[in-house]
Structure formats: structure tokens, C-alpha cells
Amino acid sequence: MSHFIQYLIHLGTPRRFYHFCGKLFPWFMGFSFIAMAYGLIGGLFLAPADYQQGDGFRIIYVHVPCAFLSMFIYMTMVIFSTIFLIWRIKLADLIAYSIAPVGAVFTLCALLTGSIWGKPMWGTWWIWDARLTSELILLFLYLGYLGLYQAITEKKLAARMCAILAVVGAIDIPIIHYSVYWWNTLHQGATISQWGKPAIDMTMLKPLLSMITGFALYTMAISCIRIRTEILQRDFKLKWVNVLVKKINERH
Amino acid sequence: MLKVFCRCFFSDLYVVFRSTREWLSPVLFFMIFVALFGIGLGFDGQQLIQISPMIIWVAFLLTSLFTTESIFRADLEEGILEQLALSPYPLWWLLLAKSFAFWIASSLPLMLLMPFVGIMMQLPVKEIILLVVTLFLGSPAITMVGVLGATLTITLPRSGIFLGILLLPLYVPILILGQSAIINLFSQTLPLFQIALLGAISLLCITLIPHAAAAALKTAMNE
Amino acid sequence: MKGIKDNMMSIDGMGGYGSYIIASYSIVFLGLALIWIRSIQKAKRLQIELREEK
């Protein structure tokens, strides 16, 4: 365990993390492609049509990964934001800021695909139930985080304020989810929202897990690129960047 | 400690109430909002009664959003905030005093107006009382959350509606609780659970948010 | 297997849900492509900036 922590501390400087991300990137992309290929073929062709929903349920093979990733990325942002707030490790804030736009896009996709799924399945494009409402509020949190970060000109201040915002949002989302769920059940009596995930069997589940893994690996691959870009941008004037650019110039 | 609290509180209160325009415009905004809905829905009396408690709650939230922007505006310009940050007394205590004054200045006039607004929207007396109680218990939470939002955006020249985007996720649980408390117009039972929960959330906000806001403010002042 | 393939050829195939499925899948893959393009663009722009600067 202490070896692992020592390794993490060793990685903690921007320069080493830059090279670390560079090495990981092709692996992430490769495995992501494989996982998504299996997920797509399995989901679109191999899995049998659902008993209740017919072929329409295949939308979950993109909807669920998007929704899952949108929350997973936000949780990662919150973890790195708390690391930044407690231990003031600048790399942590950098990582959180780099992955935020990716999470925002996934949230938007989750909302849109959820809406498209809802129309043929349950008849409406939208419903104010717990999951969709908290997904919408999550989108606002992402937009608020990104907007605040870019609006505050003093970047050190922006980092701290947005970290606080992320943590407050993390406490807020479960509260919203639970309160909307509770209010809906209160209001409609025993009728729980029908937009829950259907019960699922193995042949349908494996492509789904594969798609989720594929999307997650894709996110990590993209994050490698984004983190590297952000590191270079922030360390623009430092010596190691000069050395790196000289090496690239020599090679060309 | 208590003397410092009272001094901060009363001086803020005096500053707000000295200029009539400052405390009157949110009140007028609220009245206009409610009146427009009343005029729009007025002819169908039944529909109006069903929706009006929710409209009043949303009007209250929007008015709070409207006024939150200006909590620290004047103080920031005059450098009072820097002095507060440097003072030997804990910043969160002073912020609590300021928030209390802000709550009195922004929420209290609206709550005093509730009876009139309720009559305007043709609500029964029991409903009006319930509305006042839920707003009374929910407004400290709304105020404190607004203070937090204001400290996060304190360095922005004109936060405007962006403050709304930041505060919307935080307002939503309070709104949902408040709505659920007043939604059953003609039920016999008192929504004690919702009222208790509203009170609990307000208490939680009052105790926790000043510390977070003070930390944010200190960071902002140090830049 | 062949039956499913035939079914998918028409846009309203897949038991009538074809258009919905195509819409949702294309939105998501458009999103993924958007993320990809923006990240690469940003990286390339920064690289050019760096090389001109040094």
C-alpha cells in the first residue's frame, strides 16, 4: 500500500504525469474500441428483443453508459476537488477541470437519449421524476462549474471556488434525487415512476457492461489528451516545457 | 462576541433600510410577479387556487435570486469586506450577522405581505398561515444558500443570471420541500414532516454555510 | 441472424423503433466525436503556439 502511495506521490508532478498520460493513452483507446465494438455488436444484433419493450430497449446500450459516465465523472471531479481543497495539490484541480466538459457532454447525451427512449416506451418526451430531474440539475452543476472557472480571472481563486462548488453540488444531487422521488411517491401514491431500469438478463447485460466499460475507457483516453494539454498550458513558461518543445522541434 | 454580532447586524440593517429603493424593489418585483399570474389565471378561479401557493413560492425564490446579487456589492466597493476578513473576530460569525440582517431586509417584508397576497390569490386562511410558516422556515435556508452563491461569485463584476445557474441546483430541494408542504390545499392533516424537515434544513444551512462562505471570502480577499 | 439484418435495413425496422435507435445512437456518437475533435483541436493549437514561441 505504501509503495502505491509512494508511486502516486512520484507521479504527482505535472511533468511526470504528462509523460504518464502519454504512455497510457494508446492502451485506453485500444481497449475502449474493443469494448465498444463488442458492446455494439452484442447490443444491436446478438441480444434478443425484450419481452416488454421490443427492440426499442436497445437504446439503453447508449443511454445507460452516458448516464453512468455523467455521474461517474462528476464523482471523480468531486474526489479530486476535495483532494485539492485539503492537500492543495494543483494537479488534482487540473484533472477535475479537464474532465468537466466531457462529463457535461455525457449528461446532455444522457438527457437527450433518455428523452428519445421515453417517447416510444412511455409516451412522453419528458417527466419530472427523480432520475431525470437530478440529471438535469447535474447538467446545471457542470455548466456552473465550467462557467465559474472561466469567469473568474484570477485562476488560483477560480480553482478554489469551483472546488467548493463541486463539493456542495455532490451533497446536493442526492438530496434532490431523494426529495423528488419522495415527493412523486407521496403525490402519486404507490405508483412508482415507470422510467426505472427494466429487469435485465445475462445476454442483454454483458453488452451493456461492455459499453459502459468502453465509454469509461474512452473517457480516460480523452482525459489523457485533455490533461496533457492543460498541463502544457499551465506550465507554459517552465523549463521542462522548453526542453520538450526543443526535442519535438529537433525531431521535425 | 455578542456585541460584535449586534453591531454588525444593526449597522447592516440600517444601511439597507436607509435607502428606500433598496428594500422596496424586491417587494415590488414580488408583487408584480404574483399580480401578473393572478391576472393571467384570474378568470378560472379554481385553477388559480390550485396553483397559487406554488406561484408564490417560486416568486419568493426568484425575488431572493434578484436580491442576492447585491448582498456584498456595496461592501466590496467600500473595502468593508477586507476589514471584516482582517478583524480578530471569526469571519463566519460576522457573516452570520450580515446574513441575518439580509434575511430580515429581504424576506421579512415579503412575509408580512403574505396575508394580502394570499387574499389576492383567493387562498383560504389556513392555507395562508401554512404558506407563511413554510416560507418562514424555508427562507433562512434560501438566504444562506444565496450568501454562499454570492461569496463564490464575489469577484465577478456582474454575476447576473449566472448566479441563478449556480443557485438553481441548491434552491431545488428547498423548493420541492416547500411545495410538498403546501400542495394539499384542502387536506385535514398538517404537513408536520415537511415543516420539520424545512426547519432542519434551515438550521443546517445556518450552522454550516457561514464557515464555507467565510473560507471562500478569505480566499477571495487574499487575492 | 439474417432476419435481424433484413429488419435493420429499413429505417423503421427493428420492430418500428429504428428511427429512435438511429437518433439516439447518432446523438451519442456525435457527442463522443465532438469531445474527440475539441480535445485534439485544443492540443494541436497549443502545440503550434508552443513551437512558435520557443
# chains A, B, ... in the order shown; residues from 1 in each chain; ligands from 1

call {"tool": "closest_atom_pairs", "arguments": {"of": "region 26-109 of chain A", "to": "region 129-136 of chain A", "cutoff": "9 Å", "atoms": "only C-alpha atoms", "output": "Markdown table"}}
result
| residue | atom | partner | partner_atom | distance |
| --- | --- | --- | --- | --- |
| A:Ala67 | CA | A:Glu135 | CA | 7.9 |
| A:Ser70 | CA | A:Glu135 | CA | 8.5 |
| A:Met71 | CA | A:Glu135 | CA | 8.5 |
| A:Thr107 | CA | A:Glu135 | CA | 6.8 |
| A:Leu108 | CA | A:Leu136 | CA | 8.3 |

call {"tool": "closest_atom_pairs", "arguments": {"of": "chain A", "to": "chain C", "cutoff": "6 Å", "atoms": "only C-alpha atoms", "output": "tab-separated table"}}
result
residue	atom	partner	partner_atom	distance
A:Asp55	CA	C:Met14	CA	5.6
A:Gly56	CA	C:Tyr17	CA	5.3
A:Ile59	CA	C:Ile21	CA	5.8
A:Cys109	CA	C:Val28	CA	5.8
A:Thr113	CA	C:Ser24	CA	5.2
A:Arg226	CA	C:Ser39	CA	5.9
A:Thr229	CA	C:Ala43	CA	5.3

call {"tool": "closest_atom_pairs", "arguments": {"of": "chain B", "to": "chain A", "cutoff": "10 Å", "atoms": "only C-alpha atoms", "output": "JSON lines"}}
result
{"residue": "B:Leu148", "atom": "CA", "partner": "A:Leu165", "partner_atom": "CA", "distance": 9.4}
{"residue": "B:Gly149", "atom": "CA", "partner": "A:Leu165", "partner_atom": "CA", "distance": 8.8}
{"residue": "B:Thr151", "atom": "CA", "partner": "A:Met161", "partner_atom": "CA", "distance": 8.8}
{"residue": "B:Leu152", "atom": "CA", "partner": "A:Met161", "partner_atom": "CA", "distance": 5.7}
{"residue": "B:Thr153", "atom": "CA", "partner": "A:Leu148", "partner_atom": "CA", "distance": 7.5}
{"residue": "B:Ile154", "atom": "CA", "partner": "A:Ile152", "partner_atom": "CA", "distance": 9.2}
{"residue": "B:Thr155", "atom": "CA", "partner": "A:Ile152", "partner_atom": "CA", "distance": 6.7}
{"residue": "B:Leu156", "atom": "CA", "partner": "A:Ile152", "partner_atom": "CA", "distance": 6.3}
{"residue": "B:Pro157", "atom": "CA", "partner": "A:Ile152", "partner_atom": "CA", "distance": 9.6}
{"residue": "B:Ser159", "atom": "CA", "partner": "A:Ala151", "partner_atom": "CA", "distance": 9.2}
{"residue": "B:Phe162", "atom": "CA", "partner": "A:Gly144", "partner_atom": "CA", "distance": 7.6}
{"residue": "B:Leu163", "atom": "CA", "partner": "A:Gly144", "partner_atom": "CA", "distance": 8.6}
{"residue": "B:Gly164", "atom": "CA", "partner": "A:Gly144", "partner_atom": "CA", "distance": 9.3}
{"residue": "B:Ile165", "atom": "CA", "partner": "A:Gly144", "partner_atom": "CA", "distance": 6.0}
{"residue": "B:Leu166", "atom": "CA", "partner": "A:Gly144", "partner_atom": "CA", "distance": 5.3}
{"residue": "B:Leu167", "atom": "CA", "partner": "A:Gly144", "partner_atom": "CA", "distance": 9.0}
{"residue": "B:Leu168", "atom": "CA", "partner": "A:Phe140", "partner_atom": "CA", "distance": 7.8}
{"residue": "B:Pro169", "atom": "CA", "partner": "A:Ile137", "partner_atom": "CA", "distance": 5.6}
{"residue": "B:Leu170", "atom": "CA", "partner": "A:Asp172", "partner_atom": "CA", "distance": 6.5}
{"residue": "B:Tyr171", "atom": "CA", "partner": "A:Asp172", "partner_atom": "CA", "distance": 9.5}
{"residue": "B:Val172", "atom": "CA", "partner": "A:Ile176", "partner_atom": "CA", "distance": 6.8}
{"residue": "B:Pro173", "atom": "CA", "partner": "A:Ile176", "partner_atom": "CA", "distance": 5.3}
{"residue": "B:Ile174", "atom": "CA", "partner": "A:Ile176", "partner_atom": "CA", "distance": 9.0}
{"residue": "B:Ile176", "atom": "CA", "partner": "A:Ser179", "partner_atom": "CA", "distance": 6.9}
{"residue": "B:Leu177", "atom": "CA", "partner": "A:Ser179", "partner_atom": "CA", "distance": 7.3}
{"residue": "B:Gln179", "atom": "CA", "partner": "A:Trp183", "partner_atom": "CA", "distance": 9.1}
{"residue": "B:Ser180", "atom": "CA", "partner": "A:Trp183", "partner_atom": "CA", "distance": 6.5}
{"residue": "B:Ala181", "atom": "CA", "partner": "A:Trp183", "partner_atom": "CA", "distance": 9.8}
{"residue": "B:Ile183", "atom": "CA", "partner": "A:His187", "partner_atom": "CA", "distance": 9.1}
{"residue": "B:Asn184", "atom": "CA", "partner": "A:His187", "partner_atom": "CA", "distance": 9.3}
{"residue": "B:Ala212", "atom": "CA", "partner": "A:Ile164", "partner_atom": "CA", "distance": 8.1}
{"residue": "B:Ala213", "atom": "CA", "partner": "A:Ile164", "partner_atom": "CA", "distance": 9.6}
{"residue": "B:Ala215", "atom": "CA", "partner": "A:Ile164", "partner_atom": "CA", "distance": 9.6}
{"residue": "B:Ala216", "atom": "CA", "partner": "A:Met161", "partner_atom": "CA", "distance": 6.6}
{"residue": "B:Leu217", "atom": "CA", "partner": "A:Met161", "partner_atom": "CA", "distance": 9.6}
{"residue": "B:Thr219", "atom": "CA", "partner": "A:Leu157", "partner_atom": "CA", "distance": 6.8}
{"residue": "B:Ala220", "atom": "CA", "partner": "A:Leu157", "partner_atom": "CA", "distance": 6.4}
{"residue": "B:Met221", "atom": "CA", "partner": "A:Leu157", "partner_atom": "CA", "distance": 9.7}
{"residue": "B:Asn222", "atom": "CA", "partner": "A:Leu157", "partner_atom": "CA", "distance": 9.2}
{"residue": "B:Glu223", "atom": "CA", "partner": "A:Leu157", "partner_atom": "CA", "distance": 7.3}

call {"tool": "residues_around", "arguments": {"residues": "Ser107 (chain B)", "least_positions_apart": "3", "cutoff": "8 Å", "atoms": "only C-alpha atoms", "output": "list of chain:residue names"}}
result
B:Ser64, B:Trp103, B:Ile104, B:Leu110, B:Met111, B:Ser139

call {"tool": "residues_around", "arguments": {"residues": "Gly214 (chain A)", "least_positions_apart": "3", "cutoff": "6 Å", "atoms": "only C-alpha atoms", "output": "list in words"}}
result
Ser32, Ala35, Met36, Ser210, Met211 and Leu217 of chain A

call {"tool": "select_by_dssp", "arguments": {"residues": "region 46-240 of chain A", "states": "helix (DSSP H, G or I)", "output": "PyMOL selection string"}}
result
chain A and resi 46+55-87+90-122+130-151+155-188+202-234+239-240

call {"tool": "residues_around", "arguments": {"residues": "region 84-97 of chain A", "least_positions_apart": "4", "cutoff": "8 Å", "atoms": "only C-alpha atoms", "output": "list of chain:residue names"}}
result
A:Gly12, A:Thr13, A:Pro14, A:Thr76, A:Met77, A:Val78, A:Phe80, A:Pro101, A:Leu146, A:Ala159, A:Arg160, A:Ala163, A:Ile164, A:Ile227, A:Glu230, A:Ile231

call {"tool": "closest_residue", "arguments": {"among": "B:Pro124, B:Ala101, B:Val58, B:Arg158", "to": "Ser11 (chain B)", "atoms": "only C-alpha atoms"}}
result
B:Ala101

call {"tool": "atom_distance", "arguments": {"atom1": "CA of Phe60 (chain B)", "atom2": "CA of Val167 (chain A)"}}
result
26.4 Å

call {"tool": "decode", "arguments": {"residues": "region 96-108 of chain B", "atoms": "N, CA and C atoms", "output": "JSON list (two decimals), in the first residue's frame"}}
result
[["chain", "number", "residue", "atom", "x", "y", "z"],
["B", 96, "LEU", "N", -22.57, 35.57, 9.58],
["B", 96, "LEU", "CA", -23.88, 35.17, 10.10],
["B", 96, "LEU", "C", -24.70, 36.41, 10.45],
["B", 97, "ALA", "N", -24.03, 37.41, 11.06],
["B", 97, "ALA", "CA", -24.74, 38.64, 11.41],
["B", 97, "ALA", "C", -25.23, 39.33, 10.13],
["B", 98, "LYS", "N", -24.37, 39.40, 9.12],
["B", 98, "LYS", "CA", -24.76, 40.04, 7.87],
["B", 98, "LYS", "C", -25.92, 39.30, 7.23],
["B", 99, "SER", "N", -25.84, 37.96, 7.25],
["B", 99, "SER", "CA", -26.90, 37.18, 6.63],
["B", 99, "SER", "C", -28.22, 37.38, 7.36],
["B", 100, "PHE", "N", -28.16, 37.45, 8.68],
["B", 100, "PHE", "CA", -29.36, 37.66, 9.46],
["B", 100, "PHE", "C", -30.01, 38.99, 9.07],
["B", 101, "ALA", "N", -29.16, 40.03, 8.97],
["B", 101, "ALA", "CA", -29.68, 41.33, 8.57],
["B", 101, "ALA", "C", -30.29, 41.26, 7.17],
["B", 102, "PHE", "N", -29.60, 40.55, 6.28],
["B", 102, "PHE", "CA", -30.10, 40.42, 4.92],
["B", 102, "PHE", "C", -31.43, 39.69, 4.90],
["B", 103, "TRP", "N", -31.55, 38.67, 5.76],
["B", 103, "TRP", "CA", -32.79, 37.89, 5.82],
["B", 103, "TRP", "C", -33.95, 38.78, 6.25],
["B", 104, "ILE", "N", -33.68, 39.59, 7.29],
["B", 104, "ILE", "CA", -34.73, 40.49, 7.77],
["B", 104, "ILE", "C", -35.11, 41.48, 6.68],
["B", 105, "ALA", "N", -34.10, 41.97, 5.97],
["B", 105, "ALA", "CA", -34.39, 43.00, 4.98],
["B", 105, "ALA", "C", -35.10, 42.44, 3.76],
["B", 106, "SER", "N", -34.76, 41.23, 3.37],
["B", 106, "SER", "CA", -35.34, 40.73, 2.12],
["B", 106, "SER", "C", -36.57, 39.87, 2.34],
["B", 107, "SER", "N", -36.54, 38.99, 3.34],
["B", 107, "SER", "CA", -37.64, 38.04, 3.47],
["B", 107, "SER", "C", -38.79, 38.57, 4.32],
["B", 108, "LEU", "N", -38.44, 39.32, 5.34],
["B", 108, "LEU", "CA", -39.49, 39.73, 6.28],
["B", 108, "LEU", "C", -40.57, 40.59, 5.62]]
